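Undergrad: You'll find work.txt just under this line, and it carries compact mmCIF, C-alpha atoms (C1' of nucleotides).
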# COMPACT_ATOMS: atom_id res chain seq x y z
CA MET G 1 157.18 81.39 2.44
CA ARG G 2 154.48 81.65 5.06
CA GLN G 3 152.56 84.57 6.53
CA TYR G 4 153.72 85.75 9.93
CA ARG G 5 151.19 86.59 12.62
CA HIS G 6 151.85 89.70 14.65
CA PRO G 7 149.61 90.25 17.68
CA SER G 8 148.46 93.70 18.65
CA LEU G 9 150.39 94.98 21.61
CA ARG G 10 147.14 95.39 23.54
CA SER G 11 146.73 91.64 23.54
CA VAL G 12 150.19 90.99 24.99
CA SER G 13 150.18 90.47 28.75
CA LEU G 14 152.98 91.54 31.02
CA ALA G 15 153.54 87.91 31.96
CA LYS G 16 153.93 86.97 28.30
CA ALA G 17 156.40 89.77 27.67
CA MET G 18 158.43 88.77 30.71
CA GLN G 19 158.37 85.14 29.69
CA ALA G 20 159.67 86.01 26.24
CA LEU G 21 162.51 87.97 27.79
CA SER G 22 163.47 85.31 30.31
CA ASP G 23 165.73 83.43 27.91
CA PRO G 24 169.35 84.49 27.31
CA TRP G 25 169.21 83.77 23.57
CA ARG G 26 166.13 85.91 23.19
CA ILE G 27 167.57 88.72 25.28
CA GLY G 28 170.57 88.57 22.96
CA ILE G 29 168.39 88.87 19.89
CA VAL G 30 166.65 91.94 21.26
CA GLN G 31 170.00 93.46 22.24
CA ASP G 32 171.31 92.91 18.73
CA LEU G 33 168.26 94.64 17.31
CA LEU G 34 168.58 97.53 19.73
CA ASP G 35 172.25 97.95 18.94
CA ALA G 36 171.51 97.91 15.23
CA ASP G 37 169.12 100.84 15.60
CA GLY G 38 166.36 99.92 13.18
CA LYS G 39 168.35 97.70 10.86
CA GLU G 40 166.64 94.50 9.77
CA PHE G 41 168.20 91.08 10.36
CA THR G 42 167.71 87.83 8.56
CA CYS G 43 167.25 84.89 10.92
CA SER G 44 170.69 83.53 10.34
CA GLU G 45 172.33 86.85 11.05
CA PHE G 46 171.65 86.63 14.77
CA PRO G 47 174.76 85.13 16.35
CA MET G 48 173.43 82.04 18.15
CA SER G 49 174.98 78.62 18.40
CA VAL G 50 171.75 76.64 18.13
CA SER G 51 170.07 74.76 15.31
CA LYS G 52 167.97 76.67 12.82
CA ALA G 53 164.85 75.00 14.22
CA THR G 54 165.59 76.39 17.66
CA ARG G 55 166.45 79.76 16.20
CA SER G 56 163.12 79.82 14.43
CA HIS G 57 161.38 78.91 17.67
CA HIS G 58 162.95 81.75 19.65
CA LEU G 59 162.04 84.27 16.99
CA GLU G 60 158.45 83.03 17.04
CA VAL G 61 158.29 83.51 20.81
CA LEU G 62 159.51 87.08 20.47
CA ARG G 63 157.02 87.65 17.66
CA GLN G 64 154.08 86.45 19.74
CA ALA G 65 155.19 88.68 22.60
CA GLY G 66 154.98 91.70 20.32
CA LEU G 67 158.71 92.35 20.36
CA ILE G 68 159.62 91.81 16.73
CA ARG G 69 158.08 92.04 13.30
CA THR G 70 159.12 89.80 10.43
CA ARG G 71 158.48 90.22 6.76
CA VAL G 72 159.20 88.01 3.82
CA ASN G 73 161.82 89.21 1.40
CA GLY G 74 162.37 86.81 -1.42
CA LYS G 75 164.33 83.86 -0.15
CA THR G 76 164.94 85.37 3.27
CA CYS G 77 162.85 86.91 6.02
CA LEU G 78 163.70 90.21 7.59
CA THR G 79 163.12 90.96 11.26
CA CYS G 80 163.05 94.26 13.08
CA LEU G 81 162.11 95.47 16.55
CA ARG G 82 158.61 96.79 17.18
CA ALA G 83 160.36 99.39 19.31
CA GLU G 84 157.85 102.24 19.45
CA GLU G 85 154.82 100.00 19.91
CA PHE G 86 156.50 97.90 22.56
CA GLU G 87 157.80 100.96 24.36
CA LYS G 88 154.31 102.44 24.45
CA ARG G 89 152.87 99.22 25.90
CA PHE G 90 155.70 98.49 28.38
CA PRO G 91 157.54 101.76 28.97
CA GLY G 92 161.16 101.35 29.99
CA LEU G 93 161.39 97.64 29.39
CA LEU G 94 163.52 97.88 26.25
CA ALA G 95 165.88 100.22 28.03
CA LEU G 96 166.58 97.44 30.53
CA ILE G 97 167.56 95.11 27.73
CA LYS G 98 170.09 97.46 26.21
CA SER G 99 173.57 95.99 26.41
CA ARG G 100 175.50 96.96 29.52
CA MET Z 101 162.10 78.26 61.41
CA ARG Z 102 164.80 78.28 58.80
CA GLN Z 103 167.22 80.91 57.57
CA TYR Z 104 166.27 82.61 54.33
CA ARG Z 105 168.92 83.26 51.69
CA HIS Z 106 168.82 86.60 49.94
CA PRO Z 107 171.13 87.02 46.96
CA SER Z 108 172.87 90.29 46.30
CA LEU Z 109 171.18 92.15 43.48
CA ARG Z 110 174.46 92.16 41.56
CA SER Z 111 174.22 88.40 41.23
CA VAL Z 112 170.70 88.51 39.78
CA SER Z 113 170.64 88.32 35.99
CA LEU Z 114 168.06 90.09 33.88
CA ALA Z 115 166.88 86.71 32.61
CA LYS Z 116 166.31 85.52 36.17
CA ALA Z 117 164.37 88.64 37.09
CA MET Z 118 162.22 88.29 33.99
CA GLN Z 119 161.64 84.62 34.68
CA ALA Z 120 160.49 85.38 38.21
CA LEU Z 121 158.04 87.95 36.87
CA SER Z 122 156.65 85.72 34.13
CA ASP Z 123 154.08 84.07 36.38
CA PRO Z 124 150.70 85.67 37.12
CA TRP Z 125 150.69 84.62 40.79
CA ARG Z 126 154.11 86.14 41.30
CA ILE Z 127 153.18 89.32 39.47
CA GLY Z 128 150.20 89.50 41.81
CA ILE Z 129 152.39 89.13 44.88
CA VAL Z 130 154.65 91.98 43.76
CA GLN Z 131 151.63 94.13 42.96
CA ASP Z 132 150.22 93.51 46.42
CA LEU Z 133 153.53 94.55 47.96
CA LEU Z 134 153.72 97.65 45.80
CA ASP Z 135 150.18 98.64 46.67
CA ALA Z 136 150.88 98.14 50.36
CA ASP Z 137 153.76 100.62 50.22
CA GLY Z 138 156.32 99.05 52.52
CA LYS Z 139 153.97 96.99 54.65
CA GLU Z 140 155.09 93.46 55.43
CA PHE Z 141 152.96 90.43 54.57
CA THR Z 142 152.88 87.00 56.08
CA CYS Z 143 152.84 84.24 53.48
CA SER Z 144 149.20 83.46 53.99
CA GLU Z 145 148.16 87.07 53.59
CA PHE Z 146 148.79 87.06 49.86
CA PRO Z 147 145.47 86.29 48.20
CA MET Z 148 146.24 83.20 46.12
CA SER Z 149 144.10 80.14 45.61
CA VAL Z 150 146.93 77.60 45.65
CA SER Z 151 148.26 75.23 48.29
CA LYS Z 152 150.66 76.50 50.90
CA ALA Z 153 153.43 74.43 49.31
CA THR Z 154 152.94 76.23 46.00
CA ARG Z 155 152.70 79.56 47.76
CA SER Z 156 156.00 78.88 49.48
CA HIS Z 157 157.54 77.95 46.14
CA HIS Z 158 156.50 81.19 44.45
CA LEU Z 159 157.84 83.28 47.30
CA GLU Z 160 161.15 81.43 47.07
CA VAL Z 161 161.39 82.20 43.35
CA LEU Z 162 160.83 85.90 44.04
CA ARG Z 163 163.35 85.77 46.85
CA GLN Z 164 166.05 84.27 44.64
CA ALA Z 165 165.36 86.91 42.00
CA GLY Z 166 166.09 89.62 44.54
CA LEU Z 167 162.53 90.91 44.60
CA ILE Z 168 161.53 90.21 48.17
CA ARG Z 169 163.08 89.87 51.60
CA THR Z 170 161.67 87.58 54.25
CA ARG Z 171 162.40 87.56 57.95
CA VAL Z 172 161.30 85.26 60.68
CA ASN Z 173 158.93 86.70 63.24
CA GLY Z 174 157.99 84.17 65.86
CA LYS Z 175 155.55 81.75 64.39
CA THR Z 176 155.19 83.63 61.11
CA CYS Z 177 157.50 85.01 58.46
CA LEU Z 178 157.22 88.54 57.18
CA THR Z 179 157.94 89.50 53.60
CA CYS Z 180 158.57 92.89 52.06
CA LEU Z 181 159.72 94.22 48.71
CA ARG Z 182 163.40 94.97 48.15
CA ALA Z 183 162.12 97.99 46.30
CA GLU Z 184 165.09 100.38 46.38
CA GLU Z 185 167.69 97.71 45.67
CA PHE Z 186 165.69 96.16 42.89
CA GLU Z 187 164.94 99.54 41.37
CA LYS Z 188 168.62 100.40 41.36
CA ARG Z 189 169.50 97.14 39.63
CA PHE Z 190 166.61 97.14 37.15
CA PRO Z 191 165.34 100.71 36.86
CA GLY Z 192 161.72 101.04 35.86
CA LEU Z 193 160.84 97.38 36.12
CA LEU Z 194 158.78 97.69 39.27
CA ALA Z 195 156.85 100.57 37.73
CA LEU Z 196 155.70 98.19 35.00
CA ILE Z 197 154.31 95.81 37.58
CA LYS Z 198 152.25 98.43 39.37
CA SER Z 199 148.57 97.60 39.06
CA ARG Z 200 146.88 99.21 36.09
C1' DT R 201 153.56 68.75 77.67
C1' DA R 202 150.12 68.45 74.17
C1' DT R 203 147.98 71.28 70.68
C1' DT R 204 147.61 74.58 67.18
C1' DA R 205 149.28 77.72 63.60
C1' DT R 206 152.61 78.82 60.14
C1' DG R 207 155.65 77.58 56.76
C1' DT R 208 159.21 74.52 54.54
C1' DT R 209 160.73 70.39 52.32
C1' DC R 210 160.10 66.00 49.95
C1' DG R 211 158.32 62.98 46.50
C1' DA R 212 155.31 62.45 42.84
C1' DT R 213 152.85 64.02 38.87
C1' DA R 214 151.55 66.98 35.20
C1' DT R 215 152.39 70.63 32.17
C1' DA R 216 155.34 73.66 29.58
C1' DA R 217 159.65 74.87 27.24
C1' DA R 218 164.00 74.06 24.86
C1' DT R 219 166.34 71.45 21.70
C1' DC R 220 167.47 68.80 17.63
C1' DG R 221 167.25 66.22 13.09
C1' DA R 222 164.55 65.32 9.27
C1' DA R 223 161.15 66.49 6.10
C1' DC R 224 159.07 70.11 3.77
C1' DA R 225 158.14 74.66 1.11
C1' DA R 226 159.44 78.63 -1.41
C1' DT R 227 162.52 81.27 -3.87
C1' DA R 228 166.70 82.40 -6.38
C1' DA R 229 170.35 81.01 -9.28
C1' DC R 230 172.46 78.04 -12.38
C1' DG L 231 164.21 71.96 -14.74
C1' DT L 232 167.77 71.09 -11.11
C1' DT L 233 170.18 72.69 -7.35
C1' DA L 234 171.24 75.51 -3.41
C1' DT L 235 169.65 78.67 0.21
C1' DT L 236 166.60 80.06 3.79
C1' DG L 237 163.34 79.11 7.04
C1' DT L 238 159.25 76.58 8.98
C1' DT L 239 157.02 72.59 10.84
C1' DC L 240 156.79 67.96 12.84
C1' DG L 241 157.95 64.42 16.07
C1' DA L 242 160.77 63.02 19.67
C1' DT L 243 163.53 63.87 23.66
C1' DT L 244 165.14 66.27 27.48
C1' DT L 245 164.90 69.67 30.93
C1' DA L 246 162.47 72.92 33.72
C1' DT L 247 158.38 74.54 36.13
C1' DA L 248 154.00 74.29 38.63
C1' DT L 249 151.29 71.84 41.57
C1' DC L 250 149.73 69.13 45.43
C1' DG L 251 149.52 66.15 49.72
C1' DA L 252 152.05 64.43 53.38
C1' DA L 253 155.58 64.73 56.61
C1' DC L 254 158.29 67.72 59.16
C1' DA L 255 160.01 71.78 62.08
C1' DT L 256 159.37 75.72 64.94
C1' DA L 257 157.12 78.74 67.97
C1' DA L 258 153.18 80.27 70.56
C1' DT L 259 149.65 78.87 73.54
C1' DA L 260 146.39 76.20 76.17
Mind turning the file's structure into structure tokens?

TA:
Amino acid sequence: MRQYRHPSLRSVSLAKAMQALSDPWRIGIVQDLLDADGKEFTCSEFPMSVSKATRSHHLEVLRQAGLIRTRVNGKTCLTCLRAEEFEKRFPGLLALIKSR
Amino acid sequence: MRQYRHPSLRSVSLAKAMQALSDPWRIGIVQDLLDADGKEFTCSEFPMSVSKATRSHHLEVLRQAGLIRTRVNGKTCLTCLRAEEFEKRFPGLLALIKSR
DNA sequence: TATTATGTTCGATATAAATCGAACAATAAC
DNA sequence: GTTATTGTTCGATTTATATCGAACATAATA
């Protein structure tokens, strides 16, 4: 499988972060990751009723906004939150996403 | 001049707030309001190099996201931040916007 | 009342984003 | 090796957003 690109958080603008978090599916993904407290998810584990192409797209948007990190694991890919890094760059933003 | 509609903050979703703050011009407007600490701005006072139609559009987006309040004042309209309300609904978000 | 200043709204255009199916690639399992 | 599973990428389509000029409305003022 391919190599994932993960930008440094320094290079992520506030506008880009906001844009990434302006979609309900993507907010849901981040909430799932927050609720899971560090656990990694395969792509298909996120509960979304969209095609796998769209799912892949949303994950890429979150990746380029510095929100998630994905690694290859055999046949699957595993995604986790970049929680500490993101929190340092945009303090308090993740707390807003937490389910409520 | 017309009546402005201002949604209750309860009715503003996180996605909508994020969407409103995903544009550099709009981030700039909110930063100007934060820096001015309560002062009201007329539309044309925000330093933006876009047409007045576009300016009006961006202010409407912020208005519908619960970020600003606009009132008619004779020939002009005056806009201020809905700082306390917005902070109560989305704690910490405005702090992220503050110029830095 | 005519003029000017300040914004809004409309219609059009251009750009960006979301979405899907199909084709592809890589790995695991048979 | 063949097949099945998991995702990515491509091309096309649809929907949303940004942008502007022109027309309009309102209020202050000459």

Undergrad: Would you work out the distance separating CA of Ser51 in chain G from C1' of DC224 in chain R, expressed in Å to one decimal?

TA: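 About the pair CA of Ser51 in chain G and C1' of DC224 in chain R: they are 16.6 Å apart.
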
Undergrad: Nearest to chain Z among G:Met48, G:Cys77, G:Ser8, G:Asp23, with distances taken over only C-alpha atoms: which residue is it?

TA: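 Ranked by minimum distance to chain Z, first place goes to G:Asp23.
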
Undergrad: Would you mind listing what lies within 10 Å of Phe186 in chain Z as a PyMOL selection string, with all atoms listed in the file counted and same-chain residues fewer than 3 positions away left out?

TA: chain Z and resi 108-110+112+117+165-168+181-183+189-194

Undergrad: Mind dumping a table of every chain R residue within 7 Å of chain G, with the nearest atom pair and its distance in Å to one decimal, using all atoms listed in the file, sorted by chain and rising number, as a tab-separated table?

TA:
residue	atom	partner	partner_atom	distance
R:DT219	C1'	G:Thr54	CA	6.4
R:DC220	C1'	G:Ser51	CA	6.9
R:DA225	C1'	G:Met1	CA	6.9
R:DA226	C1'	G:Met1	CA	5.2
R:DT227	C1'	G:Lys75	CA	4.9
R:DA228	C1'	G:Lys75	CA	6.8

Undergrad: Pick out the chain L residues within 12 Å of chain G. Count all atoms listed in the file. Give them as a list in words.

TA: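 So the residues of chain L near chain G are DA234, DT235, DT236, DG237, DT238, DT239 and DC240 of chain L.
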
Undergrad: Next, dump the selected residues to file, keeping only C-alpha atoms (C1' of nucleotides), as a PDB file, in the frame of the given file.

TA:
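The new file out-v3.pdb reads:
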ATOM      1  C1'  DA L 234     171.240  75.510  -3.410  1.00  0.00           C
ATOM      2  C1'  DT L 235     169.650  78.670   0.210  1.00  0.00           C
ATOM      3  C1'  DT L 236     166.600  80.060   3.790  1.00  0.00           C
ATOM      4  C1'  DG L 237     163.340  79.110   7.040  1.00  0.00           C
ATOM      5  C1'  DT L 238     159.250  76.580   8.980  1.00  0.00           C
ATOM      6  C1'  DT L 239     157.020  72.590  10.840  1.00  0.00           C
ATOM      7  C1'  DC L 240     156.790  67.960  12.840  1.00  0.00           C
TER       8       DC L 240
END

Undergrad: Go through chain Z and flag each residue having an atom no more than 12 Å from chain G; for those, report the closest pair of atoms plus their distance in Å to one decimal, using all atoms listed in the file, ordered by chain and rising number, as a tab-separated table.

TA:
residue	atom	partner	partner_atom	distance
Z:Ser113	CA	G:Pro24	CA	9.6
Z:Leu114	CA	G:Ser22	CA	7.5
Z:Ala115	CA	G:Ser22	CA	4.3
Z:Lys116	CA	G:Ser22	CA	6.5
Z:Ala117	CA	G:Ser22	CA	7.6
Z:Met118	CA	G:Ser22	CA	4.9
Z:Gln119	CA	G:Ser22	CA	4.8
Z:Ala120	CA	G:Ser22	CA	8.4
Z:Leu121	CA	G:Met18	CA	6.2
Z:Ser122	CA	G:Ala15	CA	4.4
Z:Asp123	CA	G:Ala15	CA	5.9
Z:Pro124	CA	G:Ala15	CA	6.3
Z:Trp125	CA	G:Ala15	CA	9.8
Z:Arg126	CA	G:Ala15	CA	9.5
Z:Ile127	CA	G:Ala15	CA	7.6
Z:Gly128	CA	G:Ala15	CA	10.5
Z:Ala165	CA	G:Ser22	CA	11.9
Z:Glu187	CA	G:Leu96	CA	11.2
Z:Lys188	CA	G:Leu96	CA	11.4
Z:Arg189	CA	G:Leu96	CA	9.6
Z:Phe190	CA	G:Leu96	CA	6.6
Z:Pro191	CA	G:Leu96	CA	7.2
Z:Gly192	CA	G:Gly92	CA	5.9
Z:Leu193	CA	G:Leu93	CA	6.8
Z:Leu194	CA	G:Leu93	CA	10.2
Z:Ala195	CA	G:Pro91	CA	8.9
Z:Leu196	CA	G:Phe90	CA	6.6
Z:Ile197	CA	G:Leu14	CA	7.9
Z:Lys198	CA	G:Leu14	CA	10.9
Z:Ser199	CA	G:Leu14	CA	11.0
Z:Arg200	CA	G:Leu14	CA	11.0

Undergrad: Using the selection just defined, write its residues with C-alpha atoms as a tab-separated table (two decimals), in the frame of the given file.

TA:
chain	number	residue	atom	x	y	z
Z	113	SER	CA	170.64	88.32	35.99
Z	114	LEU	CA	168.06	90.09	33.88
Z	115	ALA	CA	166.88	86.71	32.61
Z	116	LYS	CA	166.31	85.52	36.17
Z	117	ALA	CA	164.37	88.64	37.09
Z	118	MET	CA	162.22	88.29	33.99
Z	119	GLN	CA	161.64	84.62	34.68
Z	120	ALA	CA	160.49	85.38	38.21
Z	121	LEU	CA	158.04	87.95	36.87
Z	122	SER	CA	156.65	85.72	34.13
Z	123	ASP	CA	154.08	84.07	36.38
Z	124	PRO	CA	150.70	85.67	37.12
Z	125	TRP	CA	150.69	84.62	40.79
Z	126	ARG	CA	154.11	86.14	41.30
Z	127	ILE	CA	153.18	89.32	39.47
Z	128	GLY	CA	150.20	89.50	41.81
Z	165	ALA	CA	165.36	86.91	42.00
Z	187	GLU	CA	164.94	99.54	41.37
Z	188	LYS	CA	168.62	100.40	41.36
Z	189	ARG	CA	169.50	97.14	39.63
Z	190	PHE	CA	166.61	97.14	37.15
Z	191	PRO	CA	165.34	100.71	36.86
Z	192	GLY	CA	161.72	101.04	35.86
Z	193	LEU	CA	160.84	97.38	36.12
Z	194	LEU	CA	158.78	97.69	39.27
Z	195	ALA	CA	156.85	100.57	37.73
Z	196	LEU	CA	155.70	98.19	35.00
Z	197	ILE	CA	154.31	95.81	37.58
Z	198	LYS	CA	152.25	98.43	39.37
Z	199	SER	CA	148.57	97.60	39.06
Z	200	ARG	CA	146.88	99.21	36.09

Undergrad: Could you state the separation of CA of Phe146 in chain Z and CA of Arg171 in chain Z in Å, given to one decimal place?

TA: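 These two atoms are separated by 15.8 Å.
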
Undergrad: So the first atom is CA of Gln103 in chain Z and the second is CA of Val172 in chain Z; what is the distance between them in Å, to one decimal place?

TA: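 Separation between CA of Gln103 in chain Z and CA of Val172 in chain Z: 8.0 Å.
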
Undergrad: Which polymer residues have any atom within 10 Å of an atom of DT209 in chain R, counting all atoms listed in the file, with same-chain residues fewer than 3 positions away left out, as a list in words?

TA: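 Everything that qualifies: Ala153 of chain Z; DA253, DC254 and DA255 of chain L.
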
Undergrad: Might you pull out every residue within 10 Å of DT233 in chain L, with only C-alpha atoms (C1' of nucleotides) counted and same-chain residues fewer than 2 positions away left off, and present them as a short mmCIF file (atom, residue, chain, number, x, y, z; two decimals) with C-alpha atoms (C1' of nucleotides), in the coordinates of the input?

TA:
data_model
loop_
_atom_site.label_atom_id
_atom_site.label_comp_id
_atom_site.auth_asym_id
_atom_site.auth_seq_id
_atom_site.Cartn_x
_atom_site.Cartn_y
_atom_site.Cartn_z
"C1'" DA R 229 170.35 81.01 -9.28
"C1'" DC R 230 172.46 78.04 -12.38
"C1'" DG L 231 164.21 71.96 -14.74
"C1'" DT L 235 169.65 78.67 0.21
#
